[in-house]
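To start, the structure itself, in structure tokens.
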Amino acid sequence: MKKIIAMLLTAAISVSLIACGSSTSTGSSDAKDTAAAEETASAEGAESDALADGKLIVGTNAEFPPFEYLGDNGEPDGFDMALIKAIGEKLGVEVEIQNMEFGSLITSIGSKIDVAIAGMTVTDERKNAVDFSDSYYEAVQYVILPADSAIAAKEDLLGKNLGCQLGTTGEYLIDDLIAEDGTTQKKSYNKAVDAVNDLLNGRLDCVIIDRNPAMVFQSNYPDQLKLTDGAVYGFEPEQYAIAMPKGDTVLTEKVNAALAEIKADGTFDKLVEQYIQN
Ligand code: ARG
């Protein structure tokens, strides 16, 4: 009986909570409440929803060495993983990594994951869906070529079979080349390594991918593959940043503060040295 009363009480409380919750979206005094709540949220020391449970769920795509790859134990490892763990430590939260397709990261923020770190370039289009932390790394797209390739300038890429990872800025550059010359072919892969394999098999003329992963992939086949800097083809520098839920300014400020500390105390440079070959 006691149990039943307790259950009824719980039910009654949750009904009244629901009633309360739904009424806040209407009346004008409720609008004030919302404004007040927002003010508190942005105040010093306020909590972000993403951090409220003491856990930061971080999405990545572990197909992008040296920033993220599956380590020997099958768990995501790499520069970004070490960086986000250091940030989690500064924020006093546990970091849990979820590995997923690169193209699913942005749409999963706010549902499956809190934030994403994946060597992700800040673009205007992505900024419509997410906020970005301060940038932590400058990159540029590189072109991986067969060692005997004659491709040496942007015009040489037109009309060729170009490979990339699906949903990446490398793919956007190929789309631009296709817009310039409709005979240009694109093949996008879920895993960059599969594009590299098709390049080795002669099914592609090149792979367009960020500089550091390009260096890692090429270094596995130094006799068969060579690299060219995307600047040769007119590709612009890109900035990597952590993608955050849109409008969670508390979280963005905290992550930026942690990132600044990590840069100032030498941790950042140590991680660069540990993970990134230059
Ligand atoms: N920087 C590129 C972009 O943002 C590629 C990132 C791919 N990252 C990954 N973890 N697969 O589109």
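Every chain in the structure tokens takes a letter, A first, then B, and so on in the order presented; its residues are numbered from 1, and the ligands are numbered from 1 following the presented order.
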
| field | Spatial neighbours of Leu56 in chain A, max dist 10 Å, only C-alpha atoms, sep filter under 6 positions, as number ranges by chain | value | A: 50, 84-85, 88, 91-97, 113-115

| task | Please write out the residues within 10 Å of ligand 1 as JSON, numbers by chain, counting only C-alpha atoms and all ligand atoms. | result | {"A": [59, 60, 61, 62, 63, 64, 65, 66, 67, 68, 69, 80, 99, 100, 101, 102, 103, 105, 116, 117, 118, 119, 120, 121, 122, 123, 126, 138, 139, 140, 141, 164, 165, 166, 167, 168, 169, 170, 171, 172, 190, 191, 192, 208, 209, 210, 211, 213, 238, 239, 240, 241]}

| request: Pull the helix (DSSP H, G or I) assignments for range 51-208 of chain A out of DSSP run on the backbone, and list those residues as number ranges by chain. | output: A: 51, 79-91, 102-108, 124-127, 154-157, 169-180, 192-200

| field | Proximity to Phe217 in chain A - best of A:Asp175, A:Glu253, A:Leu145, A:Tyr136, only C-alpha atoms | value |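 Nearest candidate to Phe217 in chain A out of A:Asp175, A:Glu253, A:Leu145, A:Tyr136: A:Leu145.
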
| message | Using DSSP secondary structure from the backbone, list all strand (DSSP E) positions within range 62-128 of chain A, as a ChimeraX atom specification. | response | /A:63-64,68-70,76-77,94-99,115-116

Output of the above residues as a short mmCIF file (atom, residue, chain, number, x, y, z; two decimals), in the first residue's frame, restricted to all heavy atoms:
data_model
loop_
_atom_site.label_atom_id
_atom_site.label_comp_id
_atom_site.auth_asym_id
_atom_site.auth_seq_id
_atom_site.Cartn_x
_atom_site.Cartn_y
_atom_site.Cartn_z
N GLU A 63 38.84 7.57 -38.78
CA GLU A 63 39.37 7.14 -40.08
C GLU A 63 40.29 8.22 -40.61
O GLU A 63 40.38 8.42 -41.83
CB GLU A 63 38.20 6.95 -41.08
CG GLU A 63 37.16 5.95 -40.65
CD GLU A 63 37.68 4.52 -40.66
OE1 GLU A 63 38.74 4.27 -41.27
OE2 GLU A 63 37.04 3.67 -40.02
N PHE A 64 40.97 8.92 -39.73
CA PHE A 64 41.63 10.15 -40.13
C PHE A 64 42.92 10.35 -39.34
O PHE A 64 43.04 11.27 -38.54
CB PHE A 64 40.63 11.30 -39.86
CG PHE A 64 40.88 12.59 -40.55
CD1 PHE A 64 40.77 12.70 -41.93
CD2 PHE A 64 41.17 13.74 -39.83
CE1 PHE A 64 40.95 13.92 -42.56
CE2 PHE A 64 41.36 14.97 -40.45
CZ PHE A 64 41.24 15.05 -41.83
N GLU A 68 42.51 11.04 -35.69
CA GLU A 68 41.75 9.97 -35.04
C GLU A 68 41.83 8.71 -35.88
O GLU A 68 41.72 8.75 -37.09
CB GLU A 68 40.27 10.34 -34.79
CG GLU A 68 39.58 11.05 -35.92
CD GLU A 68 39.70 12.56 -35.79
OE1 GLU A 68 39.83 13.03 -34.65
OE2 GLU A 68 39.67 13.25 -36.81
N TYR A 69 42.05 7.61 -35.19
CA TYR A 69 42.17 6.30 -35.82
C TYR A 69 41.89 5.29 -34.72
O TYR A 69 41.86 5.64 -33.54
CB TYR A 69 43.57 6.09 -36.40
CG TYR A 69 44.67 6.45 -35.43
CD1 TYR A 69 45.16 5.52 -34.50
CD2 TYR A 69 45.19 7.75 -35.40
CE1 TYR A 69 46.15 5.87 -33.59
CE2 TYR A 69 46.17 8.10 -34.49
CZ TYR A 69 46.65 7.16 -33.58
OH TYR A 69 47.61 7.53 -32.67
N LEU A 70 41.65 4.03 -35.12
CA LEU A 70 41.44 3.01 -34.10
C LEU A 70 42.79 2.51 -33.63
O LEU A 70 43.62 2.10 -34.44
CB LEU A 70 40.58 1.87 -34.66
CG LEU A 70 39.13 2.28 -34.98
CD1 LEU A 70 38.35 1.10 -35.55
CD2 LEU A 70 38.40 2.84 -33.75
N PRO A 76 39.12 4.46 -30.35
CA PRO A 76 39.64 5.65 -31.04
C PRO A 76 40.81 6.28 -30.28
O PRO A 76 40.76 6.43 -29.06
CB PRO A 76 38.44 6.60 -31.06
CG PRO A 76 37.25 5.71 -31.00
CD PRO A 76 37.67 4.57 -30.12
N ASP A 77 41.86 6.58 -31.02
CA ASP A 77 43.06 7.19 -30.47
C ASP A 77 43.47 8.31 -31.44
O ASP A 77 42.89 8.43 -32.51
CB ASP A 77 44.16 6.12 -30.36
CG ASP A 77 45.34 6.56 -29.50
OD1 ASP A 77 45.31 7.68 -28.95
OD2 ASP A 77 46.31 5.78 -29.39
N GLU A 94 33.86 13.51 -17.39
CA GLU A 94 34.35 12.29 -18.03
C GLU A 94 34.07 12.40 -19.53
O GLU A 94 33.01 12.89 -19.93
CB GLU A 94 33.54 11.13 -17.42
CG GLU A 94 34.00 9.76 -17.80
CD GLU A 94 32.94 8.73 -17.40
OE1 GLU A 94 32.30 8.93 -16.34
OE2 GLU A 94 32.74 7.78 -18.16
N VAL A 95 35.02 11.96 -20.34
CA VAL A 95 34.83 12.02 -21.80
C VAL A 95 34.53 10.62 -22.33
O VAL A 95 35.26 9.67 -22.06
CB VAL A 95 36.10 12.59 -22.48
CG1 VAL A 95 36.06 12.39 -23.98
CG2 VAL A 95 36.25 14.07 -22.14
N GLU A 96 33.41 10.52 -23.04
CA GLU A 96 33.07 9.23 -23.67
C GLU A 96 33.06 9.43 -25.18
O GLU A 96 32.43 10.35 -25.68
CB GLU A 96 31.68 8.80 -23.18
CG GLU A 96 31.25 7.46 -23.69
CD GLU A 96 29.80 7.15 -23.31
OE1 GLU A 96 29.45 7.22 -22.11
OE2 GLU A 96 29.01 6.88 -24.23
N ILE A 97 33.81 8.58 -25.89
CA ILE A 97 33.94 8.75 -27.34
C ILE A 97 32.97 7.83 -28.09
O ILE A 97 32.86 6.65 -27.75
CB ILE A 97 35.39 8.40 -27.81
CG1 ILE A 97 36.44 9.14 -26.98
CG2 ILE A 97 35.54 8.65 -29.29
CD1 ILE A 97 36.63 10.58 -27.28
N GLN A 98 32.30 8.38 -29.07
CA GLN A 98 31.44 7.57 -29.94
C GLN A 98 31.97 7.70 -31.36
O GLN A 98 32.03 8.81 -31.91
CB GLN A 98 30.02 8.12 -29.90
CG GLN A 98 29.39 8.02 -28.54
CD GLN A 98 28.09 7.25 -28.59
OE1 GLN A 98 27.64 6.84 -29.67
NE2 GLN A 98 27.48 7.05 -27.45
N ASN A 99 32.31 6.57 -31.96
CA ASN A 99 32.83 6.55 -33.32
C ASN A 99 31.68 6.39 -34.30
O ASN A 99 30.84 5.52 -34.13
CB ASN A 99 33.81 5.37 -33.44
CG ASN A 99 34.61 5.42 -34.72
OD1 ASN A 99 34.70 6.47 -35.37
ND2 ASN A 99 35.17 4.29 -35.09
N VAL A 115 29.26 16.94 -28.42
CA VAL A 115 30.13 17.71 -29.31
C VAL A 115 30.82 16.75 -30.28
O VAL A 115 30.77 15.54 -30.09
CB VAL A 115 31.22 18.50 -28.52
CG1 VAL A 115 30.59 19.43 -27.49
CG2 VAL A 115 32.21 17.56 -27.84
N ALA A 116 31.47 17.31 -31.31
CA ALA A 116 32.24 16.46 -32.23
C ALA A 116 33.63 17.04 -32.42
O ALA A 116 33.80 18.25 -32.57
CB ALA A 116 31.53 16.37 -33.58
#

| request: Between CA of Ile262 in chain A and CA of Ser135 in chain A, measure the distance and give it in Å to one decimal. | output: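 Between CA of Ile262 in chain A and CA of Ser135 in chain A the gap is 13.1 Å.
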
| Which one of A:Lys226, A:Lys270, A:Lys90, A:Lys246 sits closest to Lys127 in chain A if you count only C-alpha atoms? | A:Lys246

| said: Could you tell me how far CA of Val193 in chain A sits from CA of Asp148 in chain A, in Å to one decimal place? | reply: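 Between these atoms lies a distance of 20.3 Å.
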
| Residue among A:Ser149, A:Ser104, A:Ser111, A:Gln277 lying closest to Asp49 in chain A, counting only C-alpha atoms |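 Closest candidate: A:Ser111.
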
| said: Report, in Å to a single decimal, how far apart CA of Thr228 in chain A and CA of Phe79 in chain A are. | reply: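 Pair CA of Phe79 in chain A / CA of Thr228 in chain A returns 23.2 Å.
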
| If you count only C-alpha atoms, which residues fall within 9 Å of Ala153 in chain A, apart from same-chain ones fewer than 6 positions away, as a PyMOL selection string? | chain A and resi 232-234

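Of the residues listed (A:Met215, A:Leu83, A:Ile174, A:Ile276), A:Ile174 shows the shortest atom-to-atom separation from Leu157 in chain A; distances use only C-alpha atoms.
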
| field | Residues within 12 Å of Asn201 in chain A, only C-alpha atoms, excluding chain neighbours under 3 positions, as a PyMOL selection string | value | chain A and resi 145-146+194-198+204-206+224-225

| Which is closest to Asn278 in chain A among A:Ala231, A:Val216, A:Ala52, A:Leu259, if we use only C-alpha atoms? |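 Checking each candidate against Asn278 in chain A, we get A:Val216 as the closest.
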